[in-house]
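Next comes input-v4.cif, a file with mmCIF, C-alpha atoms and all ligand atoms.
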data_model
loop_
_atom_site.label_atom_id
_atom_site.label_comp_id
_atom_site.auth_asym_id
_atom_site.auth_seq_id
_atom_site.Cartn_x
_atom_site.Cartn_y
_atom_site.Cartn_z
CA MET U 267 -17.03 -32.35 -7.10
CA LYS U 268 -13.78 -33.62 -5.60
CA LEU U 269 -11.60 -30.83 -4.29
CA LYS U 270 -8.46 -32.73 -5.29
CA ALA U 271 -9.59 -32.61 -8.93
CA ILE U 272 -9.99 -28.83 -8.72
CA GLN U 273 -6.56 -28.51 -7.15
CA GLN U 274 -5.24 -30.48 -10.12
CA THR U 275 -7.00 -28.05 -12.51
CA PHE U 276 -5.20 -25.18 -10.74
CA HIS U 277 -1.85 -26.87 -11.29
CA GLU U 278 -2.56 -27.58 -14.95
CA ALA U 279 -3.52 -23.95 -15.52
CA LEU U 280 -0.88 -22.17 -13.46
CA ASP U 281 2.23 -24.33 -12.98
CA ALA U 282 3.84 -22.97 -16.13
CA GLU U 283 3.85 -19.48 -14.63
CA TYR U 284 4.07 -19.93 -10.89
CA ASP U 285 5.95 -22.07 -8.49
CA LYS U 286 3.91 -25.20 -7.56
CA ARG U 287 3.84 -24.22 -3.90
CA GLU U 288 2.57 -20.77 -4.78
CA VAL U 289 -0.21 -22.38 -6.83
CA ASP U 290 -1.18 -24.47 -3.81
CA HIS U 291 -1.08 -21.36 -1.66
CA PHE U 292 -3.47 -19.54 -4.04
CA PHE U 293 -5.72 -22.58 -4.19
CA PHE U 294 -6.04 -22.92 -0.43
CA MET U 295 -6.45 -19.18 0.13
CA ILE U 296 -9.34 -19.22 -2.34
CA CYS U 297 -10.92 -22.28 -0.69
CA GLU U 298 -10.62 -20.66 2.70
CA TYR U 299 -12.18 -17.45 1.39
CA TYR U 300 -15.17 -19.11 -0.31
CA PHE U 301 -16.04 -21.88 2.08
CA ASN U 302 -13.79 -21.44 5.06
CA PHE U 303 -11.86 -24.55 4.13
CA LYS U 304 -8.70 -25.36 6.05
CA ARG U 305 -5.76 -26.84 4.20
CA ILE U 306 -5.26 -29.63 6.70
CA THR U 307 -8.74 -31.00 5.89
CA LEU U 308 -7.64 -32.13 2.45
CA ALA U 309 -4.69 -33.99 3.92
CA LEU U 310 -7.03 -35.74 6.35
CA GLU U 311 -9.85 -36.32 3.85
CA PRO U 312 -8.35 -36.72 0.36
CA ASP U 313 -11.80 -37.42 -1.12
CA TYR U 314 -13.33 -34.23 0.23
CA SER U 315 -16.07 -32.95 -2.10
CA ILE U 316 -17.56 -29.49 -2.56
CA SER U 317 -20.91 -28.35 -3.97
CA GLU U 318 -21.32 -27.16 -7.52
CA THR U 319 -21.80 -23.52 -6.41
CA GLU U 320 -18.59 -23.67 -4.41
CA ALA U 321 -16.77 -25.23 -7.36
CA ILE U 322 -18.00 -22.45 -9.65
CA SER U 323 -16.65 -19.74 -7.31
CA VAL U 324 -13.28 -21.44 -7.07
CA LEU U 325 -13.01 -21.96 -10.82
CA ASP U 326 -14.04 -18.33 -11.47
CA ALA U 327 -11.22 -17.24 -9.21
CA LEU U 328 -8.88 -19.47 -11.22
CA GLU U 329 -9.95 -17.66 -14.41
CA SER U 330 -8.98 -14.33 -12.82
CA LEU U 331 -5.59 -15.72 -11.76
CA LYS U 332 -5.00 -16.94 -15.30
CA GLN U 333 -5.42 -13.35 -16.43
CA HIS U 334 -2.73 -12.38 -13.92
CA LYS U 335 -5.14 -10.66 -11.62
CA PRO U 336 -3.36 -10.37 -8.26
CA ILE U 337 -4.73 -12.77 -5.63
CA GLN U 338 -5.49 -9.80 -3.35
CA TYR U 339 -7.90 -8.38 -5.93
CA VAL U 340 -9.41 -11.81 -6.52
CA LEU U 341 -10.12 -12.20 -2.81
CA LYS U 342 -10.82 -8.43 -2.44
CA THR U 343 -8.84 -8.38 0.76
CA THR U 344 -5.30 -8.38 2.09
CA GLU U 345 -3.39 -7.97 5.32
CA PHE U 346 -1.20 -5.02 6.21
CA PHE U 347 0.49 -4.42 9.53
CA GLY U 348 -1.67 -7.07 11.15
CA LEU U 349 -4.92 -5.49 9.97
CA GLU U 350 -7.32 -6.54 7.26
CA PHE U 351 -7.86 -4.25 4.28
CA GLN U 352 -10.42 -4.41 1.51
CA VAL U 353 -8.88 -3.75 -1.88
CA ASN U 354 -10.11 -3.32 -5.43
CA ASN U 355 -8.50 -2.06 -8.60
CA SER U 356 -8.90 1.58 -7.64
CA VAL U 357 -6.26 1.21 -4.92
CA LEU U 358 -2.74 -0.22 -4.90
CA ILE U 359 -2.29 -3.47 -3.06
CA PRO U 360 -0.47 -2.55 0.17
CA ARG U 361 3.19 -3.62 -0.08
CA PRO U 362 5.52 -5.08 2.56
CA GLU U 363 7.97 -2.21 1.99
CA THR U 364 5.21 0.19 3.03
CA GLU U 365 4.81 -1.82 6.24
CA GLU U 366 8.47 -1.09 6.88
CA LEU U 367 7.78 2.63 6.46
CA VAL U 368 4.94 2.42 8.99
CA ALA U 369 7.21 0.53 11.40
CA TRP U 370 9.83 3.30 11.07
CA ILE U 371 7.25 5.96 11.89
CA ILE U 372 6.10 4.04 14.92
CA GLU U 373 9.61 3.50 16.24
CA SER U 374 10.65 7.13 15.66
CA ASP U 375 11.46 9.27 18.59
CA LEU U 376 8.06 10.87 18.98
CA ASP U 377 8.40 11.78 22.64
CA LYS U 378 9.63 15.25 21.76
CA ILE U 379 6.33 15.91 20.11
CA LYS U 380 3.46 16.83 22.36
CA LYS U 381 0.56 14.44 22.24
CA PRO U 382 -1.97 13.79 20.77
CA LEU U 383 -0.20 13.58 17.43
CA ARG U 384 -1.67 15.14 14.32
CA ILE U 385 -0.87 13.05 11.30
CA LEU U 386 -1.46 13.60 7.58
CA ASP U 387 -1.15 10.83 4.98
CA ILE U 388 -1.07 12.00 1.37
CA GLY U 389 -2.17 9.67 -1.43
CA THR U 390 -3.71 7.25 1.01
CA GLY U 391 -5.14 4.70 -1.48
CA SER U 392 -6.57 1.83 0.58
CA GLY U 393 -5.78 3.88 3.69
CA CYS U 394 -3.20 1.37 4.85
CA ILE U 395 -0.68 3.88 6.25
CA ALA U 396 -3.21 6.23 7.87
CA ILE U 397 -5.27 3.41 9.36
CA SER U 398 -2.27 1.50 10.73
CA LEU U 399 -1.00 4.69 12.37
CA ALA U 400 -4.43 5.52 13.79
CA ASN U 401 -4.59 1.99 15.15
CA LYS U 402 -1.20 2.35 16.82
CA PHE U 403 -1.42 5.96 18.03
CA THR U 404 -4.86 5.75 19.59
CA ASN U 405 -4.92 9.42 20.63
CA ALA U 406 -3.77 10.73 17.27
CA GLU U 407 -5.87 12.87 14.97
CA VAL U 408 -5.32 11.35 11.56
CA PHE U 409 -6.11 12.95 8.21
CA ALA U 410 -5.73 11.29 4.83
CA VAL U 411 -5.95 12.71 1.31
CA ASP U 412 -6.42 11.05 -2.04
CA VAL U 413 -7.24 12.43 -5.46
CA SER U 414 -9.39 9.41 -6.33
CA GLU U 415 -12.95 9.34 -5.05
CA ASP U 416 -13.05 5.58 -5.56
CA ALA U 417 -9.97 5.17 -3.39
CA ILE U 418 -11.54 7.32 -0.67
CA ILE U 419 -14.58 5.00 -0.65
CA VAL U 420 -12.33 1.97 -0.10
CA ALA U 421 -10.24 3.75 2.53
CA LYS U 422 -13.34 4.82 4.49
CA GLN U 423 -14.58 1.22 4.53
CA ASN U 424 -11.20 0.11 5.79
CA ALA U 425 -11.20 2.67 8.59
CA GLU U 426 -14.64 1.49 9.63
CA GLY U 427 -13.65 -2.18 9.34
CA ASN U 428 -10.65 -1.58 11.57
CA LYS U 429 -12.62 0.64 13.98
CA VAL U 430 -10.37 3.67 13.74
CA ASN U 431 -11.13 7.31 13.16
CA VAL U 432 -9.50 8.92 10.13
CA SER U 433 -10.72 12.07 8.37
CA PHE U 434 -10.59 11.47 4.63
CA ILE U 435 -10.37 14.33 2.16
CA GLN U 436 -10.71 14.02 -1.60
CA ALA U 437 -8.16 16.45 -3.01
CA ASP U 438 -5.42 16.81 -5.59
CA ILE U 439 -2.21 17.54 -3.78
CA LEU U 440 -0.79 19.22 -6.87
CA SER U 441 -3.52 21.83 -6.95
CA VAL U 442 -3.11 25.06 -4.99
CA ASP U 443 -6.79 25.01 -4.07
CA THR U 444 -6.16 21.90 -2.01
CA TYR U 445 -4.12 23.90 0.42
CA LYS U 446 -6.79 26.57 0.63
CA ASN U 447 -9.87 24.35 0.88
CA ALA U 448 -8.78 21.30 2.77
CA ASN U 449 -8.73 22.96 6.17
CA PHE U 450 -5.01 22.38 6.53
CA ASN U 451 -4.53 25.33 8.84
CA LEU U 452 -3.68 23.11 11.77
CA PRO U 453 -0.02 22.17 11.88
CA PHE U 454 0.83 18.46 11.70
CA ASP U 455 3.37 16.52 13.75
CA ILE U 456 3.87 13.92 11.05
CA ILE U 457 3.31 14.06 7.31
CA VAL U 458 3.74 10.82 5.40
CA SER U 459 3.28 9.90 1.78
CA ASN U 460 3.74 7.02 -0.64
CA PRO U 461 2.98 8.95 -3.84
CA PRO U 462 3.31 7.68 -7.43
CA TYR U 463 7.01 7.23 -8.19
CA VAL U 464 7.49 4.65 -10.93
CA ARG U 465 8.89 6.27 -14.08
CA GLU U 466 7.52 5.38 -17.50
CA LEU U 467 11.02 4.11 -18.32
CA GLU U 468 10.67 1.55 -15.51
CA LYS U 469 7.45 0.09 -16.93
CA LEU U 470 9.37 -2.50 -18.91
CA GLN U 471 10.61 -4.13 -15.73
CA MET U 472 7.15 -4.42 -14.20
CA LYS U 473 5.21 -7.63 -14.02
CA SER U 474 1.91 -7.89 -15.83
CA ASN U 475 -0.02 -8.49 -12.62
CA VAL U 476 0.95 -4.97 -11.50
CA LEU U 477 0.93 -3.30 -14.90
CA ASN U 478 -2.40 -4.62 -16.12
CA HIS U 479 -4.35 -4.58 -12.89
CA GLU U 480 -3.18 -1.93 -10.45
CA PRO U 481 -4.20 1.73 -10.84
CA HIS U 482 -1.72 3.64 -12.99
CA LEU U 483 -2.79 6.86 -11.31
CA ALA U 484 -1.20 5.57 -8.11
CA LEU U 485 1.96 4.23 -9.72
CA PHE U 486 3.36 6.30 -12.55
CA VAL U 487 5.06 9.62 -13.03
CA GLU U 488 6.45 11.11 -16.19
CA ASP U 489 10.16 10.59 -16.79
CA HIS U 490 10.92 14.29 -17.02
CA ASP U 491 9.65 15.16 -13.52
CA PRO U 492 9.67 12.02 -11.36
CA LEU U 493 9.72 13.97 -8.09
CA LYS U 494 6.69 16.09 -8.95
CA PHE U 495 4.63 14.81 -6.00
CA TYR U 496 7.56 14.88 -3.60
CA LYS U 497 8.28 18.52 -4.42
CA ALA U 498 4.66 19.54 -3.80
CA ILE U 499 4.43 17.53 -0.57
CA THR U 500 7.78 18.75 0.75
CA LYS U 501 6.63 22.35 0.23
CA LEU U 502 3.38 21.59 1.98
CA ALA U 503 5.26 19.90 4.83
CA LYS U 504 7.55 22.86 5.23
CA LYS U 505 4.54 25.06 5.72
CA HIS U 506 2.27 22.75 7.71
CA LEU U 507 4.56 20.73 9.96
CA VAL U 508 5.26 21.92 13.49
CA ASN U 509 8.87 22.74 14.31
CA ASP U 510 10.63 19.38 14.81
CA GLY U 511 7.77 17.70 12.92
CA LEU U 512 8.59 14.62 10.87
CA LEU U 513 8.27 14.06 7.15
CA PHE U 514 8.33 10.48 5.85
CA PHE U 515 8.23 9.24 2.27
CA GLU U 516 8.32 5.93 0.47
CA ILE U 517 10.57 6.55 -2.52
CA ASN U 518 11.81 5.24 -5.84
CA GLU U 519 14.91 3.17 -5.07
CA PHE U 520 16.85 4.91 -7.87
CA LEU U 521 16.13 8.44 -6.66
CA GLY U 522 17.48 8.32 -3.11
CA ASN U 523 20.15 10.98 -3.59
CA GLU U 524 17.77 13.33 -5.36
CA MET U 525 15.36 12.92 -2.46
CA VAL U 526 18.05 13.75 0.10
CA ASP U 527 18.84 16.91 -1.88
CA LEU U 528 15.17 17.86 -2.09
CA LEU U 529 14.63 17.60 1.66
CA GLN U 530 17.84 19.43 2.48
CA GLU U 531 17.01 22.23 0.03
CA HIS U 532 13.82 22.72 1.97
CA THR U 533 15.86 22.93 5.20
CA PHE U 534 14.82 19.57 6.62
CA THR U 535 17.51 18.26 8.97
CA HIS U 536 18.65 14.77 10.07
CA VAL U 537 17.68 13.54 6.62
CA GLU U 538 17.96 9.76 6.63
CA LEU U 539 17.57 7.26 3.82
CA ARG U 540 16.56 3.73 4.70
CA GLN U 541 16.66 0.50 2.76
CA ASP U 542 13.85 -2.00 2.60
CA MET U 543 14.25 -5.73 3.21
CA PHE U 544 15.53 -6.12 -0.35
CA LYS U 545 18.35 -3.62 0.37
CA ARG U 546 16.84 -0.95 -1.83
CA ASN U 547 16.71 2.72 -0.88
CA ARG U 548 13.01 2.79 -0.21
CA MET U 549 12.24 5.39 2.44
CA ILE U 550 13.38 8.72 3.71
CA LYS U 551 12.78 10.80 6.78
CA GLY U 552 13.51 14.44 7.57
CA ILE U 553 12.89 16.74 10.52
CA LYS U 554 11.48 20.17 9.96
CA LYS U 555 13.39 23.09 11.37
CA LEU U 556 11.97 26.58 11.24
N1 LIG U 601 6.25 0.01 -4.78
C1 LIG U 601 5.25 0.05 -5.80
C2 LIG U 601 5.61 -0.87 -6.94
O1 LIG U 601 6.74 -1.18 -7.14
C3 LIG U 601 5.07 1.47 -6.31
C4 LIG U 601 4.36 2.33 -5.35
C5 LIG U 601 4.29 3.74 -5.77
O2 LIG U 601 4.41 4.12 -6.94
N2 LIG U 601 4.11 4.58 -4.84
O3 LIG U 601 4.76 -1.35 -7.65
#
Show the structure stored in the file as structure tokens.
Amino acid sequence: MKLKAIQQTFHEALDAEYDKREVDHFFFMICEYYFNFKRITLALEPDYSISETEAISVLDALESLKQHKPIQYVLKTTEFFGLEFQVNNSVLIPRPETEELVAWIIESDLDKIKKPLRILDIGTGSGCIAISLANKFTNAEVFAVDVSEDAIIVAKQNAEGNKVNVSFIQADILSVDTYKNANFNLPFDIIVSNPPYVRELEKLQMKSNVLNHEPHLALFVEDHDPLKFYKAITKLAKKHLVNDGLLFFEINEFLGNEMVDLLQEHTFTHVELRQDMFKRNRMIKGIKKL
């Protein structure tokens, strides 16, 4: 079957919803994934043909895209901070704003803290934060928690795939038993979390590819207590961070001030809000003082 004809089928099916160039991008990513096809080949050989089995895989992927399945779930993989991560619908697709949070942690003034660093990532999902930090801080001891067993399975595969050592713990951060059972008696130098923060009232603004395909457990909080996870984690951080230890969060862009208040109430100092590349209040950092 001629590849050009399949490309045309992609355009017929998707051009109404996506930019033409994005459709081409999807098409070539899928071709590369299934038969290691390079875009330039089609320019050089416009009559390039693929086998029926290859065509079936590509057209199946098109069906998933038509149902607004994110391309990362279709290809079961994505890139984050220069590393490759496996993803499925039990973990959020790692976001570029979360890469910015990781970059902030890496650039932070960590010299004050004795090495090797002990790091805890709460609500790790695919493991993208914990694994990127473990990859960067090669002497660090990295722990990561998630409530979802399915997420822990994905995260463990990702740690293996990226050849880093992270200790994964399945636990609910809202439950008091977590603190007792999870062997958290060692103090951490850094605690980081990107917990669920999208309010039900914000659902209307979300695109169907997120809403219908990504895990709601990782996204949503009830309108009446949107900082539920942040409160629990800040308390935990107050208890389990070393003096001068750092607390980092990814946050809901509309709740920046509330987050500053929360950290200050818990006596964190040098509390700093940061915007993401879209100029939205997206992350916060605080330093623990005894
Ligand atoms: N930034 C994600 C989104 O907008 C939400 C991540 C989260 O809830 N922690 O879809």
Sorted by chain and rising residue number, list the residues of region 418-509 of chain U at most 6 Å from region 377-401 of chain U (counting only C-alpha atoms), each with its closest atom pair and distance in Å to one decimal, as CSV.
residue,atom,partner,partner_atom,distance
U:Val420,CA,U:Ser392,CA,5.8
U:Ala421,CA,U:Ser392,CA,4.6
U:Phe454,CA,U:Arg384,CA,4.9
U:Asp455,CA,U:Arg384,CA,5.3
U:Ile456,CA,U:Ile385,CA,4.8
U:Ile457,CA,U:Leu386,CA,4.8
U:Val458,CA,U:Asp387,CA,4.9
U:Ser459,CA,U:Ile388,CA,4.8
U:Pro461,CA,U:Gly389,CA,5.7
Review point. Could you work out how far CA of Leu485 (chain U) lies from CA of Tyr463 (chain U), giving the answer in Å with one decimal?
Key: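 Pair CA of Tyr463 (chain U) / CA of Leu485 (chain U) returns 6.1 Å.
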**Study point:** Residue neighbourhood region 490-505 of chain U, 10 Å, all atoms listed in the file, exclusion window fewer than 5 positions, as a PyMOL selection string
**Key:** chain U and resi 386+388-389+439-442+445+450-451+453-466+511-518+521+524-525+528-529+531-534+552-556
**Study point:** Option closest in space to ligand LIG 601 (chain U), from U:Lys551, U:Lys332, U:Lys342, U:Arg361 [counting all atoms listed in the file]
**Key:**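 So, comparing all the options, the nearest one is U:Arg361.
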Exercise for review: List every protein, DNA or RNA residue with an atom no more than 12 Å from (5.2, -11.5, -13.4) in the file's coordinates, counting all atoms listed in the file, and format the result as a list in words.
Suggested key: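 In the file's frame, the residues around the point are Ala282, Glu283, Tyr284, Asp285, Leu331, Lys332, Gln333, His334, Lys335, Pro336, Leu470, Gln471, Met472, Lys473, Ser474, Asn475, Val476, Leu477, Asn478 and His479 of chain U.
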Check your understanding: Quick one: of U:Lys304, U:Lys545, U:Lys286, U:Lys402, who's nearest to Phe347 (chain U), counting only C-alpha atoms?
Key ->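 Using only C-alpha atoms, the shortest distance to Phe347 (chain U) belongs to U:Lys402.
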Review point. If we count all atoms listed in the file, what is near Pro312 (chain U) at a cut-off of 12 Å, once residues fewer than 6 positions away on the same chain are taken out, given as a PyMOL selection string?
Key: chain U and resi 268-271+273+305-306
Point to revise | Nearest to Phe303 (chain U), chosen from U:Ile316, U:Ala410, U:Val357, U:Leu349, with all atoms listed in the file counted in the distances | key: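 For Phe303 (chain U), the nearest of the candidates is U:Ile316.
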Point to revise | Of the listed residues U:Asp416, U:Asp527, U:Asp510, U:Glu366, that which approaches ligand LIG 601 (chain U) most closely, counting all atoms listed in the file | key: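 Going through U:Asp416, U:Asp527, U:Asp510, U:Glu366 one by one, the smallest distance to ligand LIG 601 (chain U) is for U:Glu366.
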